[in-house]
2 protein chains.
Amino acid sequence: MRITRKSDYGLRAMCELAKSHGRSPISITEVAAAQGIPDPFLEKIMQELKSAGLIAATHGRGGGYSLERAPNQISVREVIEALEGPMALVTCLDPALKCMIEDGCPTSSFWALINERFEQALGATTLADLLQRIPGSHSPKHTIPEESGLVQ
Amino acid sequence: MRITRKSDYGLRAMCELAKSHGRSPISITEVAAAQGIPDPFLEKIMQELKSAGLIAATHGRGGGYSLERAPNQISVREVIEALEGPMALVTCLDPALKCMIEDGCPTSSFWALINERFEQALGATTLADLLQRIPGSHSPKHTIPEESGLVQ
DNA sequence: CTACAATCAGATGCGAAGATGAGAATCACC
DNA sequence: GGTGATTCTCATCTTCGCATCTGATTGTAG
């Protein structure tokens, strides 16, 4: 019941790129230093984000990574799913697997509901939204639409 | 970003106990068979649930486990936290650790908000609520959206 | 050509998931 | 009341995937 480090790092890295969007690309070393992420691990993460088409890489001196789209056009959900595949809070929700308990599984529909609300919340938030709320850590609640709340 | 198997199994086991609440206790073997959980793993889980005071064990013939409280008095959140400790979607939310990035961490407050909603949703649902949902008569069998267009 | 930065191929440490087997408590029954 | 069946309890061991590191290779600007 925890976001993997991969997703955590990946999202923070994307935010770092978003900060400098429009300017020159940023190297892995810079991102890693700014966000306290181990270099080699970040490298793999960036690779996957690039495969998903979220970021672009430029080789050589002065090179690095940059966003493929504007920060307000990239949702948190896209970043997470690029790194972890389709959202599935519980293994039985994973499309790749199927729930063994045919009927009478008391938790599947519950988890499915939570999962759906989770998806909505992450899908409704963009990198630009995240950057807007950094300063005070106590921030306005209107950033995430109420309908996407996890509580019914 | 996935509920651990431990929590998944633990919650299903608690539901199984809730079904027979008031009657004689149920053995690990029975619960494991009913929910498709490996016996030895379930044993450890039950041990932790017992330490948390959620269930009681009786030895010997006809023994097994039973709920310490009524199903409508035990929330999903209690079960999960008994097995995983305090909820923390991201490591930096864990009370035991602290976020290294002093200021400017763009994601911490976002995750904190999601985490809070998660807590509320799990805290507001009891084992009795879960059991009411199972029949499958009215709620469709959570058919998984096949073609999930992730990156759009 | 050379310094810089991404790319690629491995090996390692660690914790979760699951397996195995021996031991201790309780009950049924003779 | 002792014997054995049943069930929880406890310690240890493998397996597997995540997180991390090391080093070599390729591509690009100056």
# chains A, B, ... in the order shown; residues from 1 in each chain; ligands from 1
>>> interface_residues(of="chain D", to="chain B", cutoff="7 Å", atoms="only C-alpha atoms (C1' of nucleotides)", output="list in words")
DT6, DT7 and DC8 of chain D
>>> closest_atom_pairs(of="chain B", to="chain A", cutoff="6 Å", atoms="only C-alpha atoms", output="Markdown table")
| residue | atom | partner | partner_atom | distance |
| --- | --- | --- | --- | --- |
| B:Met1 | CA | A:Ile3 | CA | 4.0 |
| B:Arg2 | CA | A:Leu89 | CA | 4.4 |
| B:Ile3 | CA | A:Met1 | CA | 4.1 |
| B:Thr4 | CA | A:Met1 | CA | 5.8 |
| B:Leu89 | CA | A:Arg2 | CA | 4.3 |
| B:Val90 | CA | A:Ile3 | CA | 5.5 |
| B:Gly104 | CA | A:Ile134 | CA | 5.5 |
| B:Pro106 | CA | A:Ile134 | CA | 4.9 |
| B:Ser109 | CA | A:Ser137 | CA | 5.5 |
| B:Arg117 | CA | A:Leu150 | CA | 5.4 |
| B:Ala121 | CA | A:Val151 | CA | 4.9 |
| B:Leu130 | CA | A:Pro106 | CA | 5.7 |
| B:Leu131 | CA | A:Pro106 | CA | 5.7 |
| B:Ile134 | CA | A:Pro106 | CA | 4.9 |
>>> select_by_dssp(residues="segment 1-54 of chain B", states="helix (DSSP H, G or I)", output="JSON, numbers by chain")
{"B": [5, 6, 7, 8, 9, 10, 11, 12, 13, 14, 15, 16, 17, 18, 19, 28, 29, 30, 31, 32, 33, 34, 35, 39, 40, 41, 42, 43, 44, 45, 46, 47, 48, 49, 50, 51]}
>>> closest_residue(among="B:Ile37, B:Ala124, B:Leu49, B:Ala70", to="chain C", atoms="only C-alpha atoms (C1' of nucleotides)")
B:Ile37
>>> interface_residues(of="chain C", to="chain A", cutoff="8 Å", atoms="only C-alpha atoms (C1' of nucleotides)", output="ChimeraX atom specification")
/C:3-6
>>> residues_around(residues="DG21 of chain C", least_positions_apart="4", cutoff="12 Å", atoms="only C-alpha atoms (C1' of nucleotides)", output="VMD selection string")
(chain B and resid 40) or (chain D and resid 10 to 13)
>>> write_last_selection(atoms="N, CA and C atoms (P, O5', C5', C4', C3', O3' and C1' of nucleotides)", output="mmCIF file, in the first residue's frame")
data_model
loop_
_atom_site.group_PDB
_atom_site.id
_atom_site.type_symbol
_atom_site.label_atom_id
_atom_site.label_comp_id
_atom_site.auth_asym_id
_atom_site.auth_seq_id
_atom_site.Cartn_x
_atom_site.Cartn_y
_atom_site.Cartn_z
ATOM 1 N N PRO B 40 0.896 -21.112 5.207
ATOM 2 C CA PRO B 40 1.900 -20.590 6.145
ATOM 3 C C PRO B 40 1.946 -19.071 6.168
ATOM 4 P P DC D 10 4.346 -17.532 19.555
ATOM 5 O "O5'" DC D 10 5.811 -18.059 19.186
ATOM 6 C "C5'" DC D 10 6.255 -19.342 19.623
ATOM 7 C "C4'" DC D 10 7.381 -19.842 18.721
ATOM 8 C "C3'" DC D 10 8.198 -18.729 18.044
ATOM 9 O "O3'" DC D 10 9.561 -18.884 18.395
ATOM 10 C "C1'" DC D 10 7.637 -20.431 16.519
ATOM 11 P P DA D 11 10.658 -17.749 18.025
ATOM 12 O "O5'" DA D 11 11.822 -18.561 17.312
ATOM 13 C "C5'" DA D 11 11.890 -19.979 17.421
ATOM 14 C "C4'" DA D 11 12.663 -20.556 16.245
ATOM 15 C "C3'" DA D 11 13.568 -19.558 15.524
ATOM 16 O "O3'" DA D 11 14.844 -20.153 15.318
ATOM 17 C "C1'" DA D 11 12.102 -20.570 13.981
ATOM 18 P P DT D 12 16.030 -19.344 14.523
ATOM 19 O "O5'" DT D 12 16.048 -20.061 13.078
ATOM 20 C "C5'" DT D 12 15.855 -21.467 12.996
ATOM 21 C "C4'" DT D 12 15.682 -21.897 11.544
ATOM 22 C "C3'" DT D 12 16.598 -21.150 10.552
ATOM 23 O "O3'" DT D 12 17.280 -22.099 9.741
ATOM 24 C "C1'" DT D 12 14.378 -21.156 9.781
ATOM 25 P P DC D 13 18.497 -21.600 8.801
ATOM 26 O "O5'" DC D 13 17.960 -21.939 7.337
ATOM 27 C "C5'" DC D 13 17.101 -23.077 7.135
ATOM 28 C "C4'" DC D 13 16.406 -22.959 5.783
ATOM 29 C "C3'" DC D 13 17.221 -22.225 4.717
ATOM 30 O "O3'" DC D 13 17.365 -23.046 3.571
ATOM 31 C "C1'" DC D 13 15.006 -21.365 4.843
#
>>> atom_distance(atom1="atom CA of Ile55 of chain B", atom2="atom C1' of DG15 of chain C")
26.5 Å
>>> atom_distance(atom1="atom CA of Glu116 of chain B", atom2="atom C1' of DA16 of chain C")
25.4 Å
>>> atom_distance(atom1="atom CA of Ala33 of chain B", atom2="atom CA of Ala13 of chain B")
10.4 Å
>>> residues_around(residues="DG23 of chain D", least_positions_apart="3", cutoff="12 Å", atoms="only C-alpha atoms (C1' of nucleotides)", output="list in words")
Pro40 of chain A; DC8, DA9, DG10 and DA11 of chain C
>>> write_last_selection(atoms="all heavy atoms", output="PDB file, in the first residue's frame")
ATOM      1  N   PRO A  40      21.969   6.077 -11.005  1.00  0.00           N
ATOM      2  CA  PRO A  40      21.747   4.961 -11.924  1.00  0.00           C
ATOM      3  C   PRO A  40      20.282   4.547 -11.993  1.00  0.00           C
ATOM      4  O   PRO A  40      19.802   4.111 -13.034  1.00  0.00           O
ATOM      5  CB  PRO A  40      22.595   3.840 -11.329  1.00  0.00           C
ATOM      6  CG  PRO A  40      23.458   4.475 -10.298  1.00  0.00           C
ATOM      7  CD  PRO A  40      22.736   5.666  -9.827  1.00  0.00           C
TER       8      PRO A  40
ATOM      9  P    DC C   8      19.648   1.706 -25.430  1.00  0.00           P
ATOM     10  OP1  DC C   8      19.311   1.342 -26.816  1.00  0.00           O
ATOM     11  OP2  DC C   8      18.572   1.950 -24.443  1.00  0.00           O
ATOM     12  O5'  DC C   8      20.630   0.600 -24.839  1.00  0.00           O
ATOM     13  C5'  DC C   8      21.938   0.456 -25.402  1.00  0.00           C
ATOM     14  C4'  DC C   8      22.793  -0.440 -24.520  1.00  0.00           C
ATOM     15  O4'  DC C   8      23.335   0.329 -23.416  1.00  0.00           O
ATOM     16  C3'  DC C   8      22.054  -1.623 -23.877  1.00  0.00           C
ATOM     17  O3'  DC C   8      22.664  -2.825 -24.321  1.00  0.00           O
ATOM     18  C2'  DC C   8      22.229  -1.414 -22.373  1.00  0.00           C
ATOM     19  C1'  DC C   8      23.485  -0.539 -22.333  1.00  0.00           C
ATOM     20  N1   DC C   8      23.631   0.278 -21.097  1.00  0.00           N
ATOM     21  C2   DC C   8      24.805   0.193 -20.341  1.00  0.00           C
ATOM     22  O2   DC C   8      25.707  -0.556 -20.721  1.00  0.00           O
ATOM     23  N3   DC C   8      24.926   0.941 -19.216  1.00  0.00           N
ATOM     24  C4   DC C   8      23.933   1.739 -18.849  1.00  0.00           C
ATOM     25  N4   DC C   8      24.094   2.469 -17.743  1.00  0.00           N
ATOM     26  C5   DC C   8      22.712   1.842 -19.596  1.00  0.00           C
ATOM     27  C6   DC C   8      22.610   1.098 -20.703  1.00  0.00           C
ATOM     28  P    DA C   9      21.974  -4.248 -24.002  1.00  0.00           P
ATOM     29  OP1  DA C   9      21.977  -5.005 -25.267  1.00  0.00           O
ATOM     30  OP2  DA C   9      20.710  -4.008 -23.280  1.00  0.00           O
ATOM     31  O5'  DA C   9      23.015  -4.917 -22.995  1.00  0.00           O
ATOM     32  C5'  DA C   9      24.410  -4.708 -23.180  1.00  0.00           C
ATOM     33  C4'  DA C   9      25.190  -5.313 -22.014  1.00  0.00           C
ATOM     34  O4'  DA C   9      25.359  -4.319 -20.983  1.00  0.00           O
ATOM     35  C3'  DA C   9      24.504  -6.507 -21.342  1.00  0.00           C
ATOM     36  O3'  DA C   9      25.485  -7.461 -20.954  1.00  0.00           O
ATOM     37  C2'  DA C   9      23.855  -5.871 -20.115  1.00  0.00           C
ATOM     38  C1'  DA C   9      24.910  -4.842 -19.752  1.00  0.00           C
ATOM     39  N9   DA C   9      24.406  -3.736 -18.942  1.00  0.00           N
ATOM     40  C8   DA C   9      23.225  -3.073 -19.099  1.00  0.00           C
ATOM     41  N7   DA C   9      23.042  -2.106 -18.231  1.00  0.00           N
ATOM     42  C5   DA C   9      24.178  -2.146 -17.450  1.00  0.00           C
ATOM     43  C6   DA C   9      24.595  -1.386 -16.340  1.00  0.00           C
ATOM     44  N6   DA C   9      23.887  -0.388 -15.827  1.00  0.00           N
ATOM     45  N1   DA C   9      25.791  -1.672 -15.786  1.00  0.00           N
ATOM     46  C2   DA C   9      26.514  -2.684 -16.311  1.00  0.00           C
ATOM     47  N3   DA C   9      26.226  -3.470 -17.347  1.00  0.00           N
ATOM     48  C4   DA C   9      25.034  -3.145 -17.881  1.00  0.00           C
ATOM     49  P    DG C  10      25.035  -9.002 -20.709  1.00  0.00           P
ATOM     50  OP1  DG C  10      25.728  -9.823 -21.707  1.00  0.00           O
ATOM     51  OP2  DG C  10      23.567  -9.013 -20.594  1.00  0.00           O
ATOM     52  O5'  DG C  10      25.651  -9.330 -19.265  1.00  0.00           O
ATOM     53  C5'  DG C  10      24.849  -9.070 -18.092  1.00  0.00           C
ATOM     54  C4'  DG C  10      25.783  -8.697 -16.957  1.00  0.00           C
ATOM     55  O4'  DG C  10      25.961  -7.271 -16.965  1.00  0.00           O
ATOM     56  C3'  DG C  10      25.251  -9.030 -15.555  1.00  0.00           C
ATOM     57  O3'  DG C  10      25.540 -10.381 -15.170  1.00  0.00           O
ATOM     58  C2'  DG C  10      25.909  -7.972 -14.693  1.00  0.00           C
ATOM     59  C1'  DG C  10      25.953  -6.774 -15.634  1.00  0.00           C
ATOM     60  N9   DG C  10      24.784  -5.898 -15.470  1.00  0.00           N
ATOM     61  C8   DG C  10      23.626  -5.869 -16.218  1.00  0.00           C
ATOM     62  N7   DG C  10      22.781  -4.952 -15.834  1.00  0.00           N
ATOM     63  C5   DG C  10      23.422  -4.341 -14.765  1.00  0.00           C
ATOM     64  C6   DG C  10      23.002  -3.266 -13.939  1.00  0.00           C
ATOM     65  O6   DG C  10      21.954  -2.621 -13.996  1.00  0.00           O
ATOM     66  N1   DG C  10      23.956  -2.960 -12.967  1.00  0.00           N
ATOM     67  C2   DG C  10      25.151  -3.600 -12.809  1.00  0.00           C
ATOM     68  N2   DG C  10      25.930  -3.170 -11.819  1.00  0.00           N
ATOM     69  N3   DG C  10      25.561  -4.595 -13.573  1.00  0.00           N
ATOM     70  C4   DG C  10      24.647  -4.917 -14.531  1.00  0.00           C
ATOM     71  P    DA C  11      26.966 -10.835 -14.479  1.00  0.00           P
ATOM     72  OP1  DA C  11      28.148 -10.489 -15.274  1.00  0.00           O
ATOM     73  OP2  DA C  11      26.694 -12.245 -14.160  1.00  0.00           O
ATOM     74  O5'  DA C  11      26.994 -10.027 -13.090  1.00  0.00           O
ATOM     75  C5'  DA C  11      28.232  -9.481 -12.611  1.00  0.00           C
ATOM     76  C4'  DA C  11      27.990  -8.702 -11.340  1.00  0.00           C
ATOM     77  O4'  DA C  11      26.982  -7.686 -11.570  1.00  0.00           O
ATOM     78  C3'  DA C  11      27.493  -9.566 -10.160  1.00  0.00           C
ATOM     79  O3'  DA C  11      28.254  -9.281  -9.004  1.00  0.00           O
ATOM     80  C2'  DA C  11      26.036  -9.121  -9.994  1.00  0.00           C
ATOM     81  C1'  DA C  11      26.084  -7.682 -10.485  1.00  0.00           C
ATOM     82  N9   DA C  11      24.799  -7.185 -10.962  1.00  0.00           N
ATOM     83  C8   DA C  11      24.069  -7.678 -12.009  1.00  0.00           C
ATOM     84  N7   DA C  11      22.946  -7.029 -12.236  1.00  0.00           N
ATOM     85  C5   DA C  11      22.936  -6.042 -11.258  1.00  0.00           C
ATOM     86  C6   DA C  11      22.020  -5.024 -10.957  1.00  0.00           C
ATOM     87  N6   DA C  11      20.891  -4.821 -11.635  1.00  0.00           N
ATOM     88  N1   DA C  11      22.310  -4.208  -9.927  1.00  0.00           N
ATOM     89  C2   DA C  11      23.446  -4.399  -9.256  1.00  0.00           C
ATOM     90  N3   DA C  11      24.379  -5.324  -9.452  1.00  0.00           N
ATOM     91  C4   DA C  11      24.071  -6.118 -10.478  1.00  0.00           C
TER      92       DA C  11
END
